[in-house]
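Structure data follow from target.csv (CSV, C-alpha atoms):
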chain,number,residue,atom,x,y,z
A,1,MET,CA,101.1,119.2,125.2
A,2,ASP,CA,101.6,118.1,121.6
A,3,GLY,CA,99.3,115.7,119.9
A,4,VAL,CA,100.3,112.4,118.3
A,5,ARG,CA,100.5,111.3,114.7
A,6,TRP,CA,101.7,107.7,114.2
A,7,ALA,CA,101.7,105.5,111.1
A,8,PHE,CA,102.6,101.8,110.7
A,9,ARG,CA,103.1,100.3,107.3
A,10,CYS,CA,101.3,97.1,107.8
A,11,GLY,CA,101.2,96.4,104.0
A,12,SER,CA,104.9,95.6,104.0
A,13,TRP,CA,104.9,93.9,107.4
A,14,VAL,CA,105.5,90.2,107.1
A,15,PRO,CA,105.1,89.0,110.7
A,16,THR,CA,107.4,86.2,112.0
A,17,ARG,CA,105.9,83.6,114.2
A,18,SER,CA,107.3,85.3,117.3
A,19,GLU,CA,106.0,88.7,116.2
A,20,TRP,CA,102.5,87.5,115.6
A,21,THR,CA,102.2,85.4,118.7
A,22,LEU,CA,103.6,88.3,120.8
A,23,ALA,CA,101.2,90.8,119.2
A,24,ALA,CA,98.2,88.4,119.9
A,25,ARG,CA,99.3,88.2,123.6
A,26,CYS,CA,99.4,92.0,123.9
A,27,VAL,CA,95.8,92.8,123.1
A,28,GLN,CA,92.6,92.0,125.0
A,29,LEU,CA,91.1,88.6,124.5
A,30,GLU,CA,88.0,89.8,122.6
A,31,GLU,CA,90.1,91.9,120.3
A,32,LYS,CA,92.4,88.9,119.6
A,33,GLU,CA,89.3,86.8,118.7
A,34,ARG,CA,87.9,89.6,116.6
A,35,ILE,CA,91.1,89.9,114.6
A,36,GLY,CA,91.3,86.2,114.2
A,37,GLN,CA,87.9,86.3,112.3
A,38,PHE,CA,89.3,88.2,109.4
A,39,VAL,CA,89.5,86.1,106.2
A,40,PHE,CA,92.4,88.0,104.7
A,41,ALA,CA,95.8,88.3,106.3
A,42,LYS,CA,96.1,91.9,105.2
A,43,ASP,CA,93.0,92.9,107.2
A,44,ALA,CA,94.1,90.9,110.3
A,45,LYS,CA,97.5,92.7,110.2
A,46,SER,CA,95.9,96.1,109.9
A,47,ALA,CA,93.5,95.5,112.7
A,48,MET,CA,96.3,94.2,115.0
A,49,ALA,CA,98.4,97.2,114.2
A,50,GLY,CA,95.5,99.5,115.1
A,51,ARG,CA,95.0,97.9,118.5
A,52,LEU,CA,98.7,98.1,119.3
A,53,LEU,CA,98.8,101.8,118.3
A,54,ILE,CA,96.1,102.6,120.8
A,55,ARG,CA,97.7,100.7,123.7
A,56,LYS,CA,101.0,102.3,122.9
A,57,LEU,CA,99.4,105.7,123.1
A,58,VAL,CA,97.7,105.0,126.5
A,59,CYS,CA,101.0,103.8,127.9
A,60,GLU,CA,103.3,106.6,126.6
A,61,LYS,CA,101.0,109.6,126.8
A,62,MET,CA,98.7,108.8,129.7
A,63,GLY,CA,101.2,107.0,131.9
A,64,PHE,CA,99.4,103.7,132.3
A,65,ALA,CA,101.1,100.3,132.4
A,66,TRP,CA,100.2,98.2,129.4
A,67,ASP,CA,98.3,95.7,131.5
A,68,ALA,CA,96.7,98.3,133.8
A,69,PHE,CA,93.8,99.4,131.7
A,70,ARG,CA,91.0,98.1,129.6
A,71,LEU,CA,89.8,99.6,126.3
A,72,GLU,CA,86.0,99.5,125.5
A,73,ARG,CA,84.0,100.3,122.4
A,74,THR,CA,81.1,102.7,121.9
A,75,ALA,CA,77.8,101.4,120.5
A,76,ARG,CA,79.1,102.3,117.1
A,77,GLY,CA,82.3,100.3,117.6
A,78,LYS,CA,84.8,103.1,118.3
A,79,PRO,CA,87.5,102.2,120.8
A,80,PHE,CA,87.8,104.4,123.9
A,81,LEU,CA,89.4,104.4,127.3
A,82,PRO,CA,86.7,104.8,130.0
A,83,ARG,CA,87.1,108.0,132.0
A,84,THR,CA,86.9,105.9,135.2
A,85,SER,CA,90.3,104.6,134.1
A,86,SER,CA,91.8,108.0,134.3
A,87,ALA,CA,93.6,108.9,137.5
A,88,PRO,CA,93.4,112.4,138.9
A,89,GLY,CA,95.9,114.8,137.2
A,90,ILE,CA,96.0,112.8,134.0
A,91,THR,CA,94.9,114.7,130.9
A,92,HIS,CA,92.2,113.0,129.0
A,93,TRP,CA,93.2,112.2,125.4
A,94,ASN,CA,90.9,111.7,122.4
A,95,PHE,CA,92.2,109.3,119.8
A,96,ASN,CA,91.2,107.7,116.6
A,97,VAL,CA,92.6,105.0,114.3
A,98,SER,CA,92.2,104.2,110.6
A,99,HIS,CA,93.6,101.5,108.4
A,100,GLN,CA,93.2,101.2,104.7
A,101,GLY,CA,95.6,100.4,101.8
A,102,ASP,CA,99.1,99.8,103.2
A,103,TYR,CA,98.9,101.8,106.4
A,104,ALA,CA,97.4,101.9,109.9
A,105,VAL,CA,97.4,105.4,111.4
A,106,LEU,CA,96.6,107.0,114.7
A,107,ALA,CA,95.9,110.6,115.6
A,108,ALA,CA,95.5,111.8,119.2
A,109,GLU,CA,94.9,115.1,121.0
A,110,PRO,CA,94.5,116.1,124.6
A,111,GLY,CA,91.1,117.7,125.3
A,112,ARG,CA,90.0,118.0,121.6
A,113,GLN,CA,87.8,116.0,119.3
A,114,VAL,CA,89.8,114.2,116.7
A,115,GLY,CA,89.1,111.9,113.7
A,116,ILE,CA,91.4,110.4,111.2
A,117,ASP,CA,91.1,108.7,107.8
A,118,VAL,CA,93.6,107.2,105.5
A,119,MET,CA,92.7,106.4,101.9
A,120,LYS,CA,94.8,104.8,99.1
A,121,THR,CA,94.2,106.0,95.6
A,122,SER,CA,93.4,102.9,93.6
A,123,LYS,CA,91.4,102.0,90.5
A,124,PRO,CA,87.8,100.8,91.0
A,125,GLY,CA,87.2,97.1,90.7
A,126,SER,CA,85.4,96.2,87.5
A,127,SER,CA,83.8,99.5,86.6
A,128,SER,CA,85.3,102.5,84.8
A,129,VAL,CA,86.3,105.6,86.8
A,130,GLN,CA,83.3,107.5,85.5
A,131,GLU,CA,80.9,104.6,86.3
A,132,PHE,CA,82.4,104.5,89.8
A,133,PHE,CA,81.8,108.2,90.2
A,134,ARG,CA,78.2,107.8,89.0
A,135,ILE,CA,77.6,105.2,91.7
A,136,MET,CA,79.1,107.5,94.3
A,137,ASN,CA,77.3,110.6,93.1
A,138,ARG,CA,75.3,111.3,96.3
A,139,GLN,CA,78.4,111.4,98.5
A,140,PHE,CA,79.6,114.8,97.4
A,141,THR,CA,78.2,118.2,96.7
A,142,ASP,CA,78.2,119.8,93.2
A,143,LEU,CA,81.2,122.0,94.1
A,144,GLU,CA,83.1,118.9,95.3
A,145,TRP,CA,82.3,117.0,92.1
A,146,THR,CA,83.5,120.0,90.1
A,147,ASN,CA,86.8,119.9,91.9
A,148,ILE,CA,87.1,116.1,91.4
A,149,ARG,CA,86.1,116.0,87.7
A,150,THR,CA,88.4,118.9,86.8
A,151,ALA,CA,91.5,117.5,88.5
A,152,GLY,CA,92.9,116.1,85.2
A,153,SER,CA,93.4,112.5,84.1
A,154,ASP,CA,91.2,109.7,85.4
A,155,TRP,CA,93.9,108.9,87.9
A,156,ASP,CA,94.1,112.6,89.1
A,157,GLN,CA,90.3,112.6,89.5
A,158,LEU,CA,90.5,109.4,91.6
A,159,ASP,CA,93.2,111.0,93.7
A,160,MET,CA,91.1,114.0,94.3
A,161,PHE,CA,88.1,111.8,95.0
A,162,TYR,CA,89.9,109.9,97.7
A,163,ARG,CA,91.3,113.1,99.2
A,164,HIS,CA,87.7,114.4,99.6
A,165,TRP,CA,86.6,111.1,101.0
A,166,ALA,CA,89.3,111.1,103.6
A,167,LEU,CA,88.3,114.6,104.7
A,168,LYS,CA,84.6,113.6,105.1
A,169,GLU,CA,85.4,110.4,106.9
A,170,SER,CA,87.7,112.1,109.3
A,171,PHE,CA,85.0,114.6,110.3
A,172,ILE,CA,82.3,111.8,110.7
A,173,LYS,CA,84.6,109.8,112.8
A,174,ALA,CA,85.5,112.8,115.0
A,175,ILE,CA,81.9,113.5,115.8
A,176,GLY,CA,81.0,109.8,116.1
A,177,THR,CA,77.9,110.0,114.0
A,178,GLY,CA,78.4,106.9,111.9
A,179,LEU,CA,76.8,105.8,108.6
A,180,GLY,CA,73.5,107.6,109.0
A,181,PHE,CA,75.0,111.1,108.4
A,182,ASP,CA,74.2,112.8,105.1
A,183,LEU,CA,77.6,113.5,103.6
A,184,GLN,CA,76.1,116.2,101.3
A,185,ARG,CA,75.6,118.3,104.4
A,186,VAL,CA,79.3,118.7,104.6
A,187,GLU,CA,81.3,120.5,101.9
A,188,PHE,CA,85.0,120.9,101.7
A,189,HIS,CA,86.8,123.9,100.1
A,190,ILE,CA,90.2,122.3,99.5
A,191,SER,CA,93.5,124.2,99.4
A,192,PRO,CA,96.0,123.7,97.9
A,193,ASN,CA,94.9,121.7,94.9
A,194,GLN,CA,98.2,119.8,94.8
A,195,MET,CA,99.9,118.4,97.9
A,196,ARG,CA,103.5,117.3,98.3
A,197,GLU,CA,104.9,114.5,100.4
A,198,GLY,CA,106.6,115.7,103.6
A,199,GLN,CA,104.2,118.6,104.0
A,200,VAL,CA,101.2,119.1,106.3
A,201,TYR,CA,98.5,121.4,105.1
A,202,ARG,CA,95.8,123.2,107.1
A,203,GLN,CA,94.2,125.5,104.5
A,204,THR,CA,91.1,123.4,103.7
A,205,ARG,CA,87.9,124.7,105.1
A,206,MET,CA,84.7,122.9,105.9
A,207,TYR,CA,81.1,124.1,105.5
A,208,LEU,CA,78.2,122.3,107.4
A,209,ASP,CA,74.7,123.1,106.1
A,210,ASP,CA,76.3,126.0,104.1
A,211,GLU,CA,77.9,127.6,107.2
A,212,GLU,CA,81.7,127.6,107.6
A,213,GLU,CA,82.7,125.7,110.7
A,214,ASP,CA,85.6,126.3,113.1
A,215,TRP,CA,87.3,123.0,112.6
A,216,THR,CA,90.9,122.4,111.6
A,217,PHE,CA,91.8,119.8,109.0
A,218,GLU,CA,95.3,118.6,108.6
A,219,GLU,CA,96.1,116.9,105.3
A,220,SER,CA,99.2,115.0,104.3
A,221,LEU,CA,100.6,112.3,102.0
A,222,LEU,CA,102.2,109.2,103.6
A,223,ASP,CA,103.4,108.4,100.1
A,224,LYS,CA,102.2,109.3,96.6
A,225,ASP,CA,99.1,107.1,96.9
A,226,HIS,CA,98.0,107.5,100.5
A,227,HIS,CA,96.1,110.5,101.7
A,228,VAL,CA,95.6,111.2,105.4
A,229,ALA,CA,93.1,113.6,106.8
A,230,VAL,CA,92.9,114.6,110.5
A,231,ALA,CA,89.9,116.4,111.8
A,232,LEU,CA,90.4,118.6,114.9
A,233,GLY,CA,87.5,120.2,116.8
A,234,LYS,CA,87.7,123.2,119.0
A,235,PRO,CA,90.0,122.7,122.1
A,236,ASP,CA,88.2,121.9,125.3
A,237,ILE,CA,88.8,125.0,127.4
A,238,SER,CA,88.2,123.2,130.7
A,239,THR,CA,90.9,120.6,129.9
A,240,PHE,CA,93.5,123.3,129.4
A,241,GLU,CA,92.4,125.3,132.5
A,242,GLU,CA,92.8,122.2,134.6
A,243,ASP,CA,96.3,121.8,133.4
A,244,GLY,CA,97.1,125.5,133.8
A,245,ARG,CA,97.8,126.0,130.1
A,246,THR,CA,96.7,128.6,127.6
A,247,ILE,CA,95.0,127.6,124.3
A,248,CYS,CA,97.0,128.2,121.2
A,249,GLU,CA,97.1,126.4,117.9
A,250,ALA,CA,100.2,124.2,117.8
A,251,PRO,CA,102.1,123.8,114.5
A,252,PRO,CA,100.8,120.9,112.4
A,253,LEU,CA,102.3,117.5,113.1
A,254,SER,CA,103.9,115.2,110.6
A,255,PHE,CA,103.4,111.5,110.9
A,256,THR,CA,106.1,109.4,112.6
A,257,LEU,CA,106.5,106.0,110.8
A,258,LEU,CA,106.8,103.2,113.4
A,259,SER,CA,108.4,99.8,113.2
A,260,PHE,CA,106.9,96.7,114.9
A,261,SER,CA,109.5,97.0,117.6
A,262,ASP,CA,108.2,100.5,118.2
A,263,LEU,CA,104.7,99.3,118.5
A,264,VAL,CA,105.5,96.8,121.3
A,265,SER,CA,108.3,98.7,123.0
A,266,LYS,CA,106.1,99.2,126.1
A,267,ALA,CA,104.1,96.0,125.8
A,268,THR,CA,103.4,93.5,128.5
A,269,PRO,CA,101.6,90.3,127.5
A,270,LEU,CA,98.0,90.2,128.7
A,271,LEU,CA,97.3,86.6,127.5
A,272,GLU,CA,99.0,83.2,127.4
A,273,GLU,CA,100.8,82.2,124.3
A,274,ASP,CA,98.5,80.5,121.7
A,275,PRO,CA,100.5,78.5,119.1
A,276,ALA,CA,97.3,77.7,117.1
A,277,TYR,CA,96.7,81.5,116.6
A,278,TRP,CA,99.8,81.6,114.4
A,279,ASP,CA,98.7,78.5,112.5
A,280,ARG,CA,95.3,80.1,111.7
A,281,PHE,CA,97.1,83.3,110.6
A,282,GLN,CA,99.2,81.2,108.2
A,283,ASN,CA,96.1,79.8,106.7
A,284,LYS,CA,94.5,83.2,105.9
A,285,LYS,CA,94.1,84.2,102.3
A,286,GLU,CA,96.7,86.5,100.8
A,287,ALA,CA,94.4,87.9,98.1
A,288,PRO,CA,94.1,91.7,98.4
A,289,SER,CA,91.0,93.0,100.1
A,290,ARG,CA,89.3,96.4,99.5
A,291,GLN,CA,87.8,96.1,103.0
A,292,SER,CA,88.7,98.9,105.3
A,293,GLU,CA,87.9,99.0,109.0
A,294,GLN,CA,87.6,102.6,110.3
A,295,GLN,CA,87.8,102.8,114.1

Can you turn what I pasted into structure tokens?
Amino acid sequence: MDGVRWAFRCGSWVPTRSEWTLAARCVQLEEKERIGQFVFAKDAKSAMAGRLLIRKLVCEKMGFAWDAFRLERTARGKPFLPRTSSAPGITHWNFNVSHQGDYAVLAAEPGRQVGIDVMKTSKPGSSSVQEFFRIMNRQFTDLEWTNIRTAGSDWDQLDMFYRHWALKESFIKAIGTGLGFDLQRVEFHISPNQMREGQVYRQTRMYLDDEEEDWTFEESLLDKDHHVAVALGKPDISTFEEDGRTICEAPPLSFTLLSFSDLVSKATPLLEEDPAYWDRFQNKKEAPSRQSEQQ
């Protein structure tokens, strides 16, 4: 059973009234309210896309009707489908969502830890690139900083910085540790140094406390500015045995870019229409936000 890699370009999505009100009806009430609290329209769109991606996954890959399950969150805020919702014979899927820059992305795998992070290469706010690196110094090992600082121009260094950052975040999200994890315990030996759009790479290796770990990291570019890293743990042998399958490493998956129609193709409204929700969305600020919610 293949995994899933989906992307939605929320940065270029300009919702119509009917799209936004439909989207709001197709998520759980507490999620709708949470999304409504964002100050910036960009952040609200990203969060909404993330919720729809998850519900689409549960419907299409786990066989649930859109209105037949309820998503919950861990103590650290990570969405999950309670195992009590899983019917006998249905494979348990692990999934993770990230949204930053112009994209919301989802990665999912049956019976395997998975984490995902998307990062857009962008110039730091008011500080220089080197001052930004000084502030972030404790986030990377000496080897990683060498790779970043020898990448070329300031822009190339930023690009390499965000590539490393996406890798670290994908692993942290896969294991569900959260902000308390010391990022210097994890070191990435990246390969290749240069990536091309349209390719998925698996050569990068991870060391945890100086020991190489048996994790797989898929890296790709959604476009020239957006890095995506997917962290994949070891397959759960019991899951594969239950399904009568043998364990083998499937070929790396490219991201499928979805439209809004794709997001809601299986959707059934959960809530009544709320005209005021559209009005409040219209009043949200359009100024760009550097905020990123990683789920």

(request) Quick one: everything within 12 Å of range 124-129 of chain A, counting only C-alpha atoms, minus sequence neighbours fewer than 2 positions away in the same chain. Send it as a PyMOL selection string. (result) chain A and resi 120-122+131-136+148-149+153-159+161-162+288-290

(message) Between CA of Lys234 in chain A and CA of Thr256 in chain A, what is the distance in Å, rounded to a tenth?
(response)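 About the pair CA of Lys234 in chain A and CA of Thr256 in chain A: they are 23.9 Å apart.
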
(message) Need to verify the contact set: Leu81 in chain A, 12 Å, only C-alpha atoms, exclusion of same-chain residues closer than 4 positions in sequence. Can you return it as an MDAnalysis selection string?
(response) chainID A and resid 54:55 57:59 62 64 68:74 85:87 92:96

(request) Give as number ranges by chain the set of residues within 12 Å of the point (103.5, 84.2, 121.7), where distances use the file's coordinates and only C-alpha atoms. (result) A: 16-27, 268-279

(message) List the spatial neighbours of Ile175 in chain A as a list in words - criterion: any atom at most 10 Å away, all atoms listed in the file, same-chain residues fewer than 5 positions off excluded.
(response) Gln113, Val114, Gly115, Ser170, Ala231, Leu232 and Gly233 of chain A

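The closest residue to Phe255 in chain A, picked from A:Lys42, A:His164, A:Arg5, A:Arg51 and counting only C-alpha atoms, is A:Arg5.
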
(request) Calculate how many Å separate CA of Gly180 in chain A from CA of Tyr103 in chain A, rounding to one decimal. (result)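 Going from CA of Gly180 in chain A over to CA of Tyr103 in chain A covers 26.2 Å.
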
(request) Would you work out the distance separating CA of Gln100 in chain A from CA of Ala47 in chain A, expressed in Å to one decimal? (result) 9.8 Å

(request) List the neighbours of Val97 in chain A out to 12 Å using only C-alpha atoms; skip same-chain residues closer than 6 positions along the sequence, and give me the result as number ranges by chain. (result) A: 4-8, 46-55, 57, 77-80, 103-108, 114-118, 169-170, 173-174, 228-231, 292-295

For those residues, write C-alpha atoms to a file as a PDB file, in the frame of the given file.
ATOM      1  CA  VAL A   4     100.300 112.400 118.300  1.00  0.00           C
ATOM      2  CA  ARG A   5     100.500 111.300 114.700  1.00  0.00           C
ATOM      3  CA  TRP A   6     101.700 107.700 114.200  1.00  0.00           C
ATOM      4  CA  ALA A   7     101.700 105.500 111.100  1.00  0.00           C
ATOM      5  CA  PHE A   8     102.600 101.800 110.700  1.00  0.00           C
ATOM      6  CA  SER A  46      95.900  96.100 109.900  1.00  0.00           C
ATOM      7  CA  ALA A  47      93.500  95.500 112.700  1.00  0.00           C
ATOM      8  CA  MET A  48      96.300  94.200 115.000  1.00  0.00           C
ATOM      9  CA  ALA A  49      98.400  97.200 114.200  1.00  0.00           C
ATOM     10  CA  GLY A  50      95.500  99.500 115.100  1.00  0.00           C
ATOM     11  CA  ARG A  51      95.000  97.900 118.500  1.00  0.00           C
ATOM     12  CA  LEU A  52      98.700  98.100 119.300  1.00  0.00           C
ATOM     13  CA  LEU A  53      98.800 101.800 118.300  1.00  0.00           C
ATOM     14  CA  ILE A  54      96.100 102.600 120.800  1.00  0.00           C
ATOM     15  CA  ARG A  55      97.700 100.700 123.700  1.00  0.00           C
ATOM     16  CA  LEU A  57      99.400 105.700 123.100  1.00  0.00           C
ATOM     17  CA  GLY A  77      82.300 100.300 117.600  1.00  0.00           C
ATOM     18  CA  LYS A  78      84.800 103.100 118.300  1.00  0.00           C
ATOM     19  CA  PRO A  79      87.500 102.200 120.800  1.00  0.00           C
ATOM     20  CA  PHE A  80      87.800 104.400 123.900  1.00  0.00           C
ATOM     21  CA  TYR A 103      98.900 101.800 106.400  1.00  0.00           C
ATOM     22  CA  ALA A 104      97.400 101.900 109.900  1.00  0.00           C
ATOM     23  CA  VAL A 105      97.400 105.400 111.400  1.00  0.00           C
ATOM     24  CA  LEU A 106      96.600 107.000 114.700  1.00  0.00           C
ATOM     25  CA  ALA A 107      95.900 110.600 115.600  1.00  0.00           C
ATOM     26  CA  ALA A 108      95.500 111.800 119.200  1.00  0.00           C
ATOM     27  CA  VAL A 114      89.800 114.200 116.700  1.00  0.00           C
ATOM     28  CA  GLY A 115      89.100 111.900 113.700  1.00  0.00           C
ATOM     29  CA  ILE A 116      91.400 110.400 111.200  1.00  0.00           C
ATOM     30  CA  ASP A 117      91.100 108.700 107.800  1.00  0.00           C
ATOM     31  CA  VAL A 118      93.600 107.200 105.500  1.00  0.00           C
ATOM     32  CA  GLU A 169      85.400 110.400 106.900  1.00  0.00           C
ATOM     33  CA  SER A 170      87.700 112.100 109.300  1.00  0.00           C
ATOM     34  CA  LYS A 173      84.600 109.800 112.800  1.00  0.00           C
ATOM     35  CA  ALA A 174      85.500 112.800 115.000  1.00  0.00           C
ATOM     36  CA  VAL A 228      95.600 111.200 105.400  1.00  0.00           C
ATOM     37  CA  ALA A 229      93.100 113.600 106.800  1.00  0.00           C
ATOM     38  CA  VAL A 230      92.900 114.600 110.500  1.00  0.00           C
ATOM     39  CA  ALA A 231      89.900 116.400 111.800  1.00  0.00           C
ATOM     40  CA  SER A 292      88.700  98.900 105.300  1.00  0.00           C
ATOM     41  CA  GLU A 293      87.900  99.000 109.000  1.00  0.00           C
ATOM     42  CA  GLN A 294      87.600 102.600 110.300  1.00  0.00           C
ATOM     43  CA  GLN A 295      87.800 102.800 114.100  1.00  0.00           C
TER      44      GLN A 295
END

(request) Determine the nearest neighbour of Glu144 in chain A from the options A:Phe181, A:Tyr207, A:Tyr201, A:Trp13, counting only C-alpha atoms. (result)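 With only C-alpha atoms as the atom set, the closest residue is A:Tyr207.
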
(request) Pick out the closest residue to Pro110 in chain A from this set: A:Pro235, A:His227, A:Ala75, A:Val186. Count all atoms listed in the file. (result)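 For Pro110 in chain A, the nearest of the given residues is A:Pro235.
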
(message) Applying 9 Å and only C-alpha atoms, which residues near Arg76 in chain A remain after dropping the ones on its own chain fewer than 3 positions away? List them as a list in words.
(response)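 Close residues of Arg76 in chain A: Arg73, Gly176, Thr177 and Gly178 of chain A.
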
So that I have them on file, write out the residues from the current selection with C-alpha atoms, as a short mmCIF file (atom, residue, chain, number, x, y, z; two decimals), in the coordinates of the input.
data_model
loop_
_atom_site.label_atom_id
_atom_site.label_comp_id
_atom_site.auth_asym_id
_atom_site.auth_seq_id
_atom_site.Cartn_x
_atom_site.Cartn_y
_atom_site.Cartn_z
CA ARG A 73 84.00 100.30 122.40
CA GLY A 176 81.00 109.80 116.10
CA THR A 177 77.90 110.00 114.00
CA GLY A 178 78.40 106.90 111.90
#

(message) Under the rule that all atoms listed in the file are counted, which of A:Asp262, A:Asp182, A:Glu187, A:Asp209 is the nearest residue to Glu60 in chain A?
(response) A:Asp262
